[in-house]
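With compact mmCIF, C-alpha atoms and all ligand atoms inside, this is data-v3.txt:
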```txt
# COMPACT_ATOMS: atom_id res chain seq x y z
CA MET A 1 -68.21 -65.03 25.36
CA PRO A 2 -69.33 -68.22 27.14
CA GLU A 3 -73.00 -68.51 27.77
CA ALA A 4 -74.18 -68.05 31.35
CA SER A 5 -75.38 -71.54 32.17
CA SER A 6 -74.61 -73.38 35.34
CA GLN A 7 -74.96 -77.13 35.23
CA CYS A 8 -77.63 -78.93 37.17
CA ASP A 9 -76.10 -79.50 40.59
CA GLY A 10 -78.39 -82.30 41.68
CA SER A 11 -80.13 -79.92 44.08
CA SER A 12 -83.80 -80.42 44.75
CA VAL A 13 -84.67 -76.92 43.54
CA VAL A 14 -86.28 -77.23 40.11
CA VAL A 15 -87.33 -73.61 39.59
CA ASP A 16 -85.80 -70.61 41.30
CA ALA A 17 -87.08 -67.23 40.10
CA GLN A 18 -86.22 -64.03 41.93
CA ARG A 19 -87.62 -60.57 41.17
CA LEU A 20 -88.48 -61.89 37.72
CA ARG A 21 -89.81 -59.25 35.35
CA LYS A 22 -91.16 -59.65 31.86
CA SER A 23 -92.24 -56.94 29.44
CA TYR A 24 -93.41 -57.43 25.89
CA ASP A 25 -91.93 -55.04 23.31
CA ASN A 26 -90.46 -52.90 26.11
CA ARG A 27 -93.97 -51.60 26.74
CA LEU A 28 -96.37 -53.96 28.44
CA GLU A 29 -94.92 -55.12 31.75
CA VAL A 30 -96.72 -58.37 32.54
CA LEU A 31 -94.57 -59.78 35.36
CA LYS A 32 -93.48 -57.18 37.89
CA GLY A 33 -91.09 -58.98 40.20
CA VAL A 34 -92.09 -62.59 40.78
CA ASP A 35 -90.33 -64.73 43.39
CA LEU A 36 -91.04 -68.44 42.99
CA LYS A 37 -89.14 -71.49 44.17
CA ILE A 38 -90.36 -74.98 43.32
CA THR A 39 -88.66 -78.08 44.65
CA SER A 40 -88.50 -81.55 43.20
CA GLY A 41 -91.72 -83.55 43.26
CA GLU A 42 -94.02 -80.63 44.09
CA ARG A 43 -97.39 -80.27 42.36
CA VAL A 44 -98.08 -76.56 41.95
CA ALA A 45 -101.16 -74.86 40.50
CA LEU A 46 -100.81 -71.33 39.13
CA ILE A 47 -104.08 -69.41 39.20
CA GLY A 48 -105.24 -65.89 38.34
CA ALA A 49 -107.60 -63.87 36.20
CA ASN A 50 -107.43 -63.84 32.40
CA GLY A 51 -104.41 -61.92 31.19
CA CYS A 52 -102.65 -61.75 34.58
CA GLY A 53 -99.54 -63.43 33.16
CA LYS A 54 -99.78 -67.15 33.97
CA SER A 55 -98.79 -68.41 30.52
CA THR A 56 -96.11 -65.75 30.30
CA LEU A 57 -94.63 -66.96 33.58
CA LEU A 58 -94.70 -70.61 32.45
CA ARG A 59 -93.00 -69.69 29.19
CA CYS A 60 -90.32 -67.63 30.92
CA LEU A 61 -89.58 -70.40 33.42
CA ILE A 62 -88.73 -72.85 30.65
CA GLY A 63 -86.93 -70.42 28.37
CA LEU A 64 -89.61 -70.10 25.70
CA HIS A 65 -89.67 -66.35 26.39
CA ASP A 66 -86.79 -64.08 27.38
CA ILE A 67 -87.05 -62.60 30.82
CA SER A 68 -86.60 -58.82 31.06
CA ASP A 69 -85.01 -58.62 34.49
CA GLY A 70 -84.39 -60.55 37.69
CA SER A 71 -82.78 -63.93 38.06
CA LEU A 72 -83.97 -67.36 37.02
CA ALA A 73 -82.53 -70.85 37.25
CA THR A 74 -84.50 -73.84 36.02
CA MET A 75 -83.13 -77.28 36.84
CA GLY A 76 -79.81 -75.64 37.59
CA HIS A 77 -79.57 -73.82 34.26
CA THR A 78 -79.38 -70.06 34.49
CA LEU A 79 -81.70 -68.23 32.11
CA THR A 80 -80.80 -64.58 31.89
CA ALA A 81 -82.29 -61.68 29.95
CA GLY A 82 -79.97 -62.73 27.09
CA ARG A 83 -80.52 -65.51 24.60
CA ASN A 84 -78.88 -68.48 26.40
CA PRO A 85 -79.55 -71.05 23.66
CA ALA A 86 -77.62 -73.92 25.28
CA ALA A 87 -79.27 -73.46 28.66
CA ARG A 88 -82.71 -73.20 27.05
CA ARG A 89 -82.14 -76.36 25.09
CA GLN A 90 -81.11 -78.24 28.24
CA VAL A 91 -84.19 -77.00 30.07
CA ARG A 92 -86.47 -77.99 27.20
CA LEU A 93 -84.97 -81.46 26.95
CA GLN A 94 -85.88 -82.03 30.60
CA THR A 95 -89.36 -80.51 30.38
CA GLY A 96 -92.63 -81.97 29.12
CA PHE A 97 -95.42 -79.66 27.92
CA VAL A 98 -99.16 -80.13 27.80
CA PHE A 99 -101.31 -77.31 26.44
CA GLN A 100 -105.03 -76.64 26.31
CA LYS A 101 -104.99 -77.51 22.61
CA HIS A 102 -103.17 -80.79 22.39
CA CYS A 103 -101.43 -79.82 19.10
CA LEU A 104 -101.22 -83.35 17.70
CA VAL A 105 -100.37 -83.92 14.06
CA ARG A 106 -103.84 -84.93 13.00
CA ARG A 107 -102.95 -87.14 10.03
CA ARG A 108 -100.22 -89.07 11.83
CA THR A 109 -100.74 -92.10 13.99
CA VAL A 110 -101.04 -91.88 17.73
CA LEU A 111 -97.69 -93.68 18.07
CA SER A 112 -95.95 -91.28 15.71
CA ASN A 113 -97.29 -88.33 17.71
CA VAL A 114 -95.88 -89.76 20.92
CA VAL A 115 -92.51 -90.38 19.24
CA HIS A 116 -92.51 -86.65 18.42
CA GLY A 117 -91.86 -86.12 22.13
CA PHE A 118 -88.26 -87.18 21.48
CA PHE A 119 -87.66 -84.35 19.03
CA GLY A 120 -84.66 -82.37 20.07
CA ASP A 121 -82.63 -85.51 20.74
CA ALA A 122 -79.65 -86.02 18.46
CA GLY A 123 -80.77 -87.45 15.13
CA SER A 124 -84.44 -86.80 15.69
CA TRP A 125 -84.99 -84.46 12.75
CA ARG A 126 -83.23 -86.80 10.36
CA ALA A 127 -85.34 -89.68 11.66
CA HIS A 128 -88.45 -87.59 11.13
CA ALA A 129 -87.43 -86.65 7.59
CA HIS A 130 -87.05 -90.31 6.71
CA GLY A 131 -90.16 -91.40 8.57
CA LEU A 132 -87.94 -93.48 10.84
CA ALA A 133 -87.63 -93.56 14.57
CA PRO A 134 -85.16 -95.66 16.53
CA ALA A 135 -86.71 -98.87 17.89
CA ALA A 136 -85.94 -97.72 21.43
CA TRP A 137 -88.06 -94.60 20.91
CA ARG A 138 -90.98 -96.61 19.57
CA LYS A 139 -90.72 -99.05 22.48
CA ARG A 140 -90.69 -96.23 25.00
CA ALA A 141 -93.57 -94.49 23.17
CA MET A 142 -95.63 -97.68 23.45
CA GLU A 143 -94.90 -97.80 27.19
CA ALA A 144 -96.04 -94.19 27.50
CA LEU A 145 -99.23 -95.07 25.62
CA GLU A 146 -99.84 -97.94 28.02
CA GLU A 147 -99.48 -95.51 30.91
CA VAL A 148 -102.32 -93.42 29.47
CA ARG A 149 -104.28 -96.59 28.56
CA LEU A 150 -104.20 -95.98 24.82
CA SER A 151 -101.78 -98.60 23.52
CA ASP A 152 -104.64 -100.29 21.65
CA ARG A 153 -105.03 -97.09 19.57
CA ALA A 154 -101.32 -96.76 18.72
CA LEU A 155 -101.87 -97.18 14.98
CA SER A 156 -105.05 -95.09 14.72
CA ARG A 157 -104.89 -91.70 13.10
CA ALA A 158 -104.75 -89.03 15.81
CA ASP A 159 -107.84 -87.23 14.52
CA THR A 160 -110.00 -90.33 14.96
CA LEU A 161 -109.71 -90.06 18.76
CA SER A 162 -111.99 -88.05 21.04
CA GLY A 163 -110.75 -84.79 22.57
CA GLY A 164 -110.12 -86.46 25.92
CA GLN A 165 -108.21 -89.31 24.27
CA GLN A 166 -106.16 -86.82 22.22
CA GLN A 167 -105.22 -85.00 25.41
CA ARG A 168 -104.08 -88.35 26.86
CA VAL A 169 -101.89 -88.82 23.77
CA ALA A 170 -100.45 -85.33 24.43
CA ILE A 171 -99.68 -86.43 28.00
CA ALA A 172 -97.91 -89.56 26.72
CA ARG A 173 -95.93 -87.36 24.31
CA ALA A 174 -94.97 -85.01 27.15
CA LEU A 175 -93.86 -87.85 29.41
CA VAL A 176 -92.15 -90.03 26.82
CA ARG A 177 -88.68 -88.80 27.64
CA ARG A 178 -89.30 -88.95 31.40
CA PRO A 179 -88.87 -85.21 31.99
CA ARG A 180 -87.96 -83.80 35.41
CA LEU A 181 -90.58 -81.08 35.03
CA LEU A 182 -94.04 -81.14 33.47
CA ILE A 183 -95.64 -77.82 32.51
CA ALA A 184 -99.34 -77.93 31.71
CA ASP A 185 -101.16 -74.79 30.56
CA GLU A 186 -104.90 -75.24 31.16
CA PRO A 187 -104.71 -78.94 30.27
CA ALA A 188 -108.41 -79.62 30.91
CA ALA A 189 -109.92 -76.40 29.60
CA SER A 190 -111.24 -77.85 26.32
CA LEU A 191 -112.69 -80.99 27.89
CA ASP A 192 -116.07 -81.84 29.37
CA PRO A 193 -116.09 -82.08 33.20
CA LEU A 194 -115.63 -85.85 33.40
CA SER A 195 -112.91 -86.03 30.70
CA GLY A 196 -111.21 -83.03 32.32
CA GLN A 197 -111.20 -84.72 35.69
CA ASN A 198 -109.84 -87.94 34.15
CA VAL A 199 -107.04 -86.06 32.42
CA MET A 200 -106.11 -84.17 35.60
CA GLU A 201 -106.15 -87.37 37.63
CA LEU A 202 -104.08 -89.21 35.06
CA PHE A 203 -101.24 -86.77 34.73
CA THR A 204 -101.02 -85.88 38.41
CA ARG A 205 -100.82 -89.61 39.22
CA LEU A 206 -98.14 -90.19 36.56
CA CYS A 207 -96.13 -87.24 37.86
CA THR A 208 -96.34 -88.56 41.41
CA ASP A 209 -95.46 -92.12 40.35
CA HIS A 210 -92.40 -90.99 38.38
CA GLY A 211 -91.27 -88.19 40.70
CA ILE A 212 -91.91 -85.51 38.07
CA THR A 213 -92.37 -81.95 39.32
CA LEU A 214 -95.63 -80.50 38.06
CA LEU A 215 -96.62 -76.89 37.41
CA PHE A 216 -100.02 -76.30 35.83
CA THR A 217 -102.42 -73.42 35.27
CA SER A 218 -106.15 -73.76 35.64
CA HIS A 219 -109.27 -71.64 35.79
CA ASP A 220 -111.02 -74.51 37.53
CA MET A 221 -110.47 -73.94 41.24
CA GLU A 222 -111.62 -77.44 42.10
CA HIS A 223 -108.84 -78.81 39.88
CA ALA A 224 -106.29 -76.44 41.39
CA LEU A 225 -107.21 -77.31 44.97
CA THR A 226 -107.62 -81.05 44.36
CA TYR A 227 -104.67 -81.88 42.14
CA ALA A 228 -102.00 -79.49 43.43
CA SER A 229 -100.32 -79.58 46.81
CA ARG A 230 -99.55 -75.88 46.55
CA VAL A 231 -101.39 -72.99 44.93
CA VAL A 232 -99.71 -69.82 43.69
CA ALA A 233 -101.98 -66.89 42.77
CA LEU A 234 -100.88 -64.14 40.40
CA ARG A 235 -102.49 -60.73 40.36
CA ASN A 236 -101.36 -57.63 38.51
CA GLY A 237 -98.04 -59.23 37.67
CA ARG A 238 -97.17 -60.14 41.25
CA ILE A 239 -97.71 -63.10 43.51
CA LEU A 240 -100.77 -62.49 45.64
CA PHE A 241 -100.40 -65.65 47.71
CA ASP A 242 -98.43 -68.88 47.72
CA LYS A 243 -99.94 -71.51 50.03
CA THR A 244 -100.57 -75.19 50.49
CA SER A 245 -103.82 -76.04 48.76
CA ASP A 246 -105.55 -77.11 51.98
CA THR A 247 -105.10 -73.61 53.44
CA VAL A 248 -106.53 -71.63 50.50
CA SER A 249 -109.72 -69.89 51.66
CA PRO A 250 -112.73 -68.62 49.71
CA SER A 251 -111.59 -65.06 50.46
CA ASP A 252 -108.14 -65.83 48.94
CA LEU A 253 -109.92 -66.87 45.76
CA LYS A 254 -112.17 -63.81 45.83
CA ASP A 255 -109.10 -61.54 46.15
CA THR A 256 -107.48 -63.36 43.23
CA PHE A 257 -110.32 -62.79 40.81
CA ASP A 258 -111.99 -59.56 42.03
CA GLY A 259 -111.04 -56.57 39.88
N1 LIG B 301 -96.24 -62.88 22.68
C1 LIG B 301 -96.85 -61.81 23.22
N2 LIG B 301 -96.61 -60.57 22.74
C2 LIG B 301 -97.18 -59.49 23.31
N3 LIG B 301 -98.03 -59.53 24.37
C3 LIG B 301 -98.31 -60.76 24.87
C4 LIG B 301 -97.74 -61.94 24.35
N4 LIG B 301 -98.19 -63.01 25.06
C5 LIG B 301 -99.01 -62.50 26.00
N5 LIG B 301 -99.08 -61.15 25.90
C6 LIG B 301 -99.86 -60.26 26.75
O1 LIG B 301 -99.45 -60.47 28.09
C7 LIG B 301 -100.56 -60.40 28.99
C8 LIG B 301 -100.61 -61.69 29.80
O2 LIG B 301 -100.94 -62.76 28.91
P1 LIG B 301 -100.88 -64.28 29.39
O3 LIG B 301 -101.28 -65.11 28.24
O4 LIG B 301 -99.57 -64.54 30.04
O5 LIG B 301 -102.01 -64.30 30.54
P2 LIG B 301 -102.79 -65.52 31.20
O6 LIG B 301 -102.87 -65.22 32.65
O7 LIG B 301 -102.15 -66.81 30.82
O8 LIG B 301 -104.21 -65.38 30.52
P3 LIG B 301 -105.38 -66.45 30.27
O9 LIG B 301 -105.85 -66.91 31.61
O10 LIG B 301 -106.42 -65.64 29.57
O11 LIG B 301 -104.81 -67.56 29.42
C9 LIG B 301 -101.79 -60.14 28.14
O12 LIG B 301 -102.05 -58.76 28.15
C10 LIG B 301 -101.35 -60.59 26.75
O13 LIG B 301 -102.02 -59.86 25.74
```

As structure tokens, what does this structure read like?
Amino acid sequence: MPEASSQCDGSSVVVDAQRLRKSYDNRLEVLKGVDLKITSGERVALIGANGCGKSTLLRCLIGLHDISDGSLATMGHTLTAGRNPAARRQVRLQTGFVFQKHCLVRRRTVLSNVVHGFFGDAGSWRAHAHGLAPAAWRKRAMEALEEVRLSDRALSRADTLSGGQQQRVAIARALVRRPRLLIADEPAASLDPLSGQNVMELFTRLCTDHGITLLFTSHDMEHALTYASRVVALRNGRILFDKTSDTVSPSDLKDTFDG
């Protein structure tokens, strides 16, 4: 049976989730009917208390987790409660990820880590096995390193860089294939305040410059309100509010985090 996957239709809707539900092991229902539409070029912060389902929602939106019910289309590809491997692959190829822990390969060079961002392209695993990467990938990886101001460290081992620098390498890796969507899960959480601010500034600027849609989670409300144009709050598996960041009030934030 053909997989349910509609092709990207060039529409400006990047994420379209309706009544999205997600349960783990048929027991714990984490998302209880989430409606979320994100259009091209938006910068959206997802906030909410620990365990409210932010990472789960991010993972569902990009096909890393199955959804349990509802409808979901990401960049025009329909992700149903079934497996949808082709649609998931297409979504992943057009998505960059940045996580709290940058997950670099410590013993490899900075450049090699950025080249890893191409994995999933045809031939990438063979290139990896042979320690080879096409010249075009290395050239593009160097450009990405310039964008995060780390080209002078291209040949350093990843674990010789500071935490903030390593997160900048992770950003270069996420952006190396010029994704349409960047997903960042608490990208600044492991960094000191200044490095965190630098990282947030850097990737929001790069997303704006390259027209990349950005969805990030944060427990730092200053980051959410400063670097996103829109803030979506989750509570008890549902959206509590969805507003432009300049209209979020202290009482909205209190409602988001109060038991
Ligand atoms: N793979 C999994 N299997 C089973 N339960 C999971 C899984 N991932 C998350 N959960 C559960 O789902 C709930 C929501 O977790 P999730 O990580 O999405 O929340 P979060 O809002 O991102 O939390 P935090 O702010 O602490 O990172 C939690 O109860 C968690 O234990």

12 Å shell around ligand LIG 301 (chain B) using all atoms listed in the file, listed as number ranges by chain: A: 22-32, 46-60, 64-66, 99-100, 184-187, 189, 216-220, 233-238, 256-257

So how far away is atom CA of A:Gly211 from atom CA of A:Lys139, in Å? 21.2 Å

Six-sided padding of 6 Å per side, axis-aligned box over stretch 167-184 of chain A, centre and edges in Å, one decimal, as lines of an AutoDock Vina configuration file:
```
center_x = -96.6
center_y = -83.9
center_z = 29.6
size_x = 29.3
size_y = 24.2
size_z = 23.6
```

Atom-to-atom span, atom CA of A:Phe119 and atom CA of A:Leu155, Å: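 Atom-to-atom, atom CA of A:Phe119 to atom CA of A:Leu155, that is 19.6 Å.
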
d(atom CA of A:Ser229, atom CA of A:Gln167) in Å: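 Computing the Euclidean distance for atom CA of A:Ser229 and atom CA of A:Gln167 yields 22.6 Å.
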
Near A:Thr160, counting all atoms listed in the file, which residues have an atom at most 12 Å away, once you skip same-chain residues fewer than 2 positions from it, shown as a ChimeraX atom specification? /A:104-110,153-158,162-166

Go ahead and find all residues with at least one atom no further than 12 Å from (-83.2, -68.1, 35.3) in the file's coordinates, using all atoms listed in the file; report them as a PDB file with C-alpha atoms, in the frame of the given file.
```pdb
ATOM      1  CA  ALA A   4     -74.180 -68.050  31.350  1.00  0.00           C
ATOM      2  CA  SER A   5     -75.380 -71.540  32.170  1.00  0.00           C
ATOM      3  CA  SER A   6     -74.610 -73.380  35.340  1.00  0.00           C
ATOM      4  CA  VAL A  14     -86.280 -77.230  40.110  1.00  0.00           C
ATOM      5  CA  VAL A  15     -87.330 -73.610  39.590  1.00  0.00           C
ATOM      6  CA  ASP A  16     -85.800 -70.610  41.300  1.00  0.00           C
ATOM      7  CA  ALA A  17     -87.080 -67.230  40.100  1.00  0.00           C
ATOM      8  CA  GLN A  18     -86.220 -64.030  41.930  1.00  0.00           C
ATOM      9  CA  ARG A  19     -87.620 -60.570  41.170  1.00  0.00           C
ATOM     10  CA  LEU A  20     -88.480 -61.890  37.720  1.00  0.00           C
ATOM     11  CA  ARG A  21     -89.810 -59.250  35.350  1.00  0.00           C
ATOM     12  CA  VAL A  34     -92.090 -62.590  40.780  1.00  0.00           C
ATOM     13  CA  ASP A  35     -90.330 -64.730  43.390  1.00  0.00           C
ATOM     14  CA  LEU A  36     -91.040 -68.440  42.990  1.00  0.00           C
ATOM     15  CA  LYS A  37     -89.140 -71.490  44.170  1.00  0.00           C
ATOM     16  CA  LEU A  57     -94.630 -66.960  33.580  1.00  0.00           C
ATOM     17  CA  ARG A  59     -93.000 -69.690  29.190  1.00  0.00           C
ATOM     18  CA  CYS A  60     -90.320 -67.630  30.920  1.00  0.00           C
ATOM     19  CA  LEU A  61     -89.580 -70.400  33.420  1.00  0.00           C
ATOM     20  CA  ILE A  62     -88.730 -72.850  30.650  1.00  0.00           C
ATOM     21  CA  GLY A  63     -86.930 -70.420  28.370  1.00  0.00           C
ATOM     22  CA  LEU A  64     -89.610 -70.100  25.700  1.00  0.00           C
ATOM     23  CA  HIS A  65     -89.670 -66.350  26.390  1.00  0.00           C
ATOM     24  CA  ASP A  66     -86.790 -64.080  27.380  1.00  0.00           C
ATOM     25  CA  ILE A  67     -87.050 -62.600  30.820  1.00  0.00           C
ATOM     26  CA  SER A  68     -86.600 -58.820  31.060  1.00  0.00           C
ATOM     27  CA  ASP A  69     -85.010 -58.620  34.490  1.00  0.00           C
ATOM     28  CA  GLY A  70     -84.390 -60.550  37.690  1.00  0.00           C
ATOM     29  CA  SER A  71     -82.780 -63.930  38.060  1.00  0.00           C
ATOM     30  CA  LEU A  72     -83.970 -67.360  37.020  1.00  0.00           C
ATOM     31  CA  ALA A  73     -82.530 -70.850  37.250  1.00  0.00           C
ATOM     32  CA  THR A  74     -84.500 -73.840  36.020  1.00  0.00           C
ATOM     33  CA  MET A  75     -83.130 -77.280  36.840  1.00  0.00           C
ATOM     34  CA  GLY A  76     -79.810 -75.640  37.590  1.00  0.00           C
ATOM     35  CA  HIS A  77     -79.570 -73.820  34.260  1.00  0.00           C
ATOM     36  CA  THR A  78     -79.380 -70.060  34.490  1.00  0.00           C
ATOM     37  CA  LEU A  79     -81.700 -68.230  32.110  1.00  0.00           C
ATOM     38  CA  THR A  80     -80.800 -64.580  31.890  1.00  0.00           C
ATOM     39  CA  ALA A  81     -82.290 -61.680  29.950  1.00  0.00           C
ATOM     40  CA  GLY A  82     -79.970 -62.730  27.090  1.00  0.00           C
ATOM     41  CA  ARG A  83     -80.520 -65.510  24.600  1.00  0.00           C
ATOM     42  CA  ASN A  84     -78.880 -68.480  26.400  1.00  0.00           C
ATOM     43  CA  ALA A  87     -79.270 -73.460  28.660  1.00  0.00           C
ATOM     44  CA  ARG A  88     -82.710 -73.200  27.050  1.00  0.00           C
ATOM     45  CA  VAL A  91     -84.190 -77.000  30.070  1.00  0.00           C
TER      46      VAL A  91
END
```

Would you kindly return, as a list in words, each protein, DNA or RNA residue with an atom no farther than 10 Å from any atom of A:Thr226, considering only C-alpha atoms and excluding same-chain residues fewer than 2 positions away?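 Close residues of A:Thr226: Ala45, Met200, Glu201, Met221, Glu222, His223, Ala224, Ala228, Ser229, Arg230, Ser245 and Asp246 of chain A.
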
Show me, as a PDB file with C-alpha atoms, keeping the file's coordinate frame, the residues that have an atom within 10 Å of A:Ala141 when counting only C-alpha atoms, minus same-chain residues fewer than 2 positions from it.
```
ATOM      1  CA  VAL A 110    -101.040 -91.880  17.730  1.00  0.00           C
ATOM      2  CA  LEU A 111     -97.690 -93.680  18.070  1.00  0.00           C
ATOM      3  CA  SER A 112     -95.950 -91.280  15.710  1.00  0.00           C
ATOM      4  CA  ASN A 113     -97.290 -88.330  17.710  1.00  0.00           C
ATOM      5  CA  VAL A 114     -95.880 -89.760  20.920  1.00  0.00           C
ATOM      6  CA  VAL A 115     -92.510 -90.380  19.240  1.00  0.00           C
ATOM      7  CA  HIS A 116     -92.510 -86.650  18.420  1.00  0.00           C
ATOM      8  CA  GLY A 117     -91.860 -86.120  22.130  1.00  0.00           C
ATOM      9  CA  PHE A 118     -88.260 -87.180  21.480  1.00  0.00           C
ATOM     10  CA  ALA A 135     -86.710 -98.870  17.890  1.00  0.00           C
ATOM     11  CA  ALA A 136     -85.940 -97.720  21.430  1.00  0.00           C
ATOM     12  CA  TRP A 137     -88.060 -94.600  20.910  1.00  0.00           C
ATOM     13  CA  ARG A 138     -90.980 -96.610  19.570  1.00  0.00           C
ATOM     14  CA  LYS A 139     -90.720 -99.050  22.480  1.00  0.00           C
ATOM     15  CA  GLU A 143     -94.900 -97.800  27.190  1.00  0.00           C
ATOM     16  CA  ALA A 144     -96.040 -94.190  27.500  1.00  0.00           C
ATOM     17  CA  LEU A 145     -99.230 -95.070  25.620  1.00  0.00           C
ATOM     18  CA  GLU A 146     -99.840 -97.940  28.020  1.00  0.00           C
ATOM     19  CA  GLU A 147     -99.480 -95.510  30.910  1.00  0.00           C
ATOM     20  CA  SER A 151    -101.780 -98.600  23.520  1.00  0.00           C
ATOM     21  CA  ALA A 154    -101.320 -96.760  18.720  1.00  0.00           C
ATOM     22  CA  ALA A 172     -97.910 -89.560  26.720  1.00  0.00           C
ATOM     23  CA  ARG A 173     -95.930 -87.360  24.310  1.00  0.00           C
ATOM     24  CA  LEU A 175     -93.860 -87.850  29.410  1.00  0.00           C
ATOM     25  CA  VAL A 176     -92.150 -90.030  26.820  1.00  0.00           C
ATOM     26  CA  ARG A 177     -88.680 -88.800  27.640  1.00  0.00           C
TER      27      ARG A 177
END
```

Pick the closest to A:Phe203 from A:Leu225, A:Ala170, A:Val232, A:Leu93: which is it, counting all atoms listed in the file?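 Closest to A:Phe203 of all the choices is A:Ala170.
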
With distances taken over all atoms listed in the file, which of A:Lys254, A:Arg43, A:Lys243, A:Lys101 is nearest to A:Thr208?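 For A:Thr208, the nearest of the given residues is A:Arg43.
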
Quick one: of A:Val148, A:Val169, A:Ile239, A:Ala174, who's nearest to A:Leu202, counting all atoms listed in the file?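 Looking only at the distances to A:Leu202, the closest residue turns out to be A:Val148.
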
Looking at only C-alpha atoms, which of A:Cys207, A:Thr247, A:Met142, A:Asp152 is the one that sits closest to A:Ile183?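 Going through A:Cys207, A:Thr247, A:Met142, A:Asp152 one by one, the smallest distance to A:Ile183 is for A:Cys207.
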
Would you mind putting back N, CA and C atoms on stretch 164-183 of chain A, then writing it out as a PDB file, in the coordinates of the input?
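Below is the file that was written, result.pdb:
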```pdb
ATOM      1  N   GLY A 164    -110.740 -85.988  24.683  1.00  0.00           N
ATOM      2  CA  GLY A 164    -110.120 -86.460  25.920  1.00  0.00           C
ATOM      3  C   GLY A 164    -109.001 -87.452  25.630  1.00  0.00           C
ATOM      4  N   GLN A 165    -109.257 -88.335  24.637  1.00  0.00           N
ATOM      5  CA  GLN A 165    -108.210 -89.310  24.270  1.00  0.00           C
ATOM      6  C   GLN A 165    -107.008 -88.575  23.669  1.00  0.00           C
ATOM      7  N   GLN A 166    -107.274 -87.556  22.842  1.00  0.00           N
ATOM      8  CA  GLN A 166    -106.160 -86.820  22.220  1.00  0.00           C
ATOM      9  C   GLN A 166    -105.326 -86.123  23.305  1.00  0.00           C
ATOM     10  N   GLN A 167    -105.998 -85.642  24.350  1.00  0.00           N
ATOM     11  CA  GLN A 167    -105.220 -85.000  25.410  1.00  0.00           C
ATOM     12  C   GLN A 167    -104.384 -86.059  26.149  1.00  0.00           C
ATOM     13  N   ARG A 168    -104.886 -87.289  26.252  1.00  0.00           N
ATOM     14  CA  ARG A 168    -104.080 -88.350  26.860  1.00  0.00           C
ATOM     15  C   ARG A 168    -102.869 -88.678  25.987  1.00  0.00           C
ATOM     16  N   VAL A 169    -103.042 -88.614  24.666  1.00  0.00           N
ATOM     17  CA  VAL A 169    -101.890 -88.820  23.770  1.00  0.00           C
ATOM     18  C   VAL A 169    -100.861 -87.691  24.021  1.00  0.00           C
ATOM     19  N   ALA A 170    -101.370 -86.468  24.181  1.00  0.00           N
ATOM     20  CA  ALA A 170    -100.450 -85.330  24.430  1.00  0.00           C
ATOM     21  C   ALA A 170     -99.694 -85.552  25.739  1.00  0.00           C
ATOM     22  N   ILE A 171    -100.356 -86.141  26.720  1.00  0.00           N
ATOM     23  CA  ILE A 171     -99.680 -86.430  28.000  1.00  0.00           C
ATOM     24  C   ILE A 171     -98.587 -87.483  27.778  1.00  0.00           C
ATOM     25  N   ALA A 172     -98.924 -88.526  27.015  1.00  0.00           N
ATOM     26  CA  ALA A 172     -97.910 -89.560  26.720  1.00  0.00           C
ATOM     27  C   ALA A 172     -96.719 -88.927  26.002  1.00  0.00           C
ATOM     28  N   ARG A 173     -97.010 -88.030  25.048  1.00  0.00           N
ATOM     29  CA  ARG A 173     -95.930 -87.360  24.310  1.00  0.00           C
ATOM     30  C   ARG A 173     -95.062 -86.530  25.269  1.00  0.00           C
ATOM     31  N   ALA A 174     -95.724 -85.856  26.216  1.00  0.00           N
ATOM     32  CA  ALA A 174     -94.970 -85.010  27.150  1.00  0.00           C
ATOM     33  C   ALA A 174     -94.116 -85.839  28.093  1.00  0.00           C
ATOM     34  N   LEU A 175     -94.569 -87.060  28.408  1.00  0.00           N
ATOM     35  CA  LEU A 175     -93.860 -87.850  29.410  1.00  0.00           C
ATOM     36  C   LEU A 175     -92.906 -88.862  28.805  1.00  0.00           C
ATOM     37  N   VAL A 176     -92.874 -88.936  27.452  1.00  0.00           N
ATOM     38  CA  VAL A 176     -92.150 -90.030  26.820  1.00  0.00           C
ATOM     39  C   VAL A 176     -90.659 -90.008  27.138  1.00  0.00           C
ATOM     40  N   ARG A 177     -90.122 -88.831  27.335  1.00  0.00           N
ATOM     41  CA  ARG A 177     -88.680 -88.800  27.640  1.00  0.00           C
ATOM     42  C   ARG A 177     -88.423 -88.692  29.142  1.00  0.00           C
ATOM     43  N   ARG A 178     -89.427 -89.008  29.944  1.00  0.00           N
ATOM     44  CA  ARG A 178     -89.300 -88.950  31.400  1.00  0.00           C
ATOM     45  C   ARG A 178     -88.698 -87.623  31.854  1.00  0.00           C
ATOM     46  N   PRO A 179     -89.412 -86.512  31.627  1.00  0.00           N
ATOM     47  CA  PRO A 179     -88.870 -85.210  31.990  1.00  0.00           C
ATOM     48  C   PRO A 179     -88.791 -85.050  33.514  1.00  0.00           C
ATOM     49  N   ARG A 180     -87.977 -84.102  33.959  1.00  0.00           N
ATOM     50  CA  ARG A 180     -87.960 -83.800  35.410  1.00  0.00           C
ATOM     51  C   ARG A 180     -89.118 -82.887  35.765  1.00  0.00           C
ATOM     52  N   LEU A 181     -89.559 -82.097  34.765  1.00  0.00           N
ATOM     53  CA  LEU A 181     -90.580 -81.080  35.030  1.00  0.00           C
ATOM     54  C   LEU A 181     -91.676 -81.199  33.985  1.00  0.00           C
ATOM     55  N   LEU A 182     -92.929 -81.174  34.425  1.00  0.00           N
ATOM     56  CA  LEU A 182     -94.040 -81.140  33.470  1.00  0.00           C
ATOM     57  C   LEU A 182     -94.766 -79.810  33.643  1.00  0.00           C
ATOM     58  N   ILE A 183     -94.927 -79.100  32.525  1.00  0.00           N
ATOM     59  CA  ILE A 183     -95.640 -77.820  32.510  1.00  0.00           C
ATOM     60  C   ILE A 183     -96.948 -78.053  31.757  1.00  0.00           C
TER      61      ILE A 183
END
```
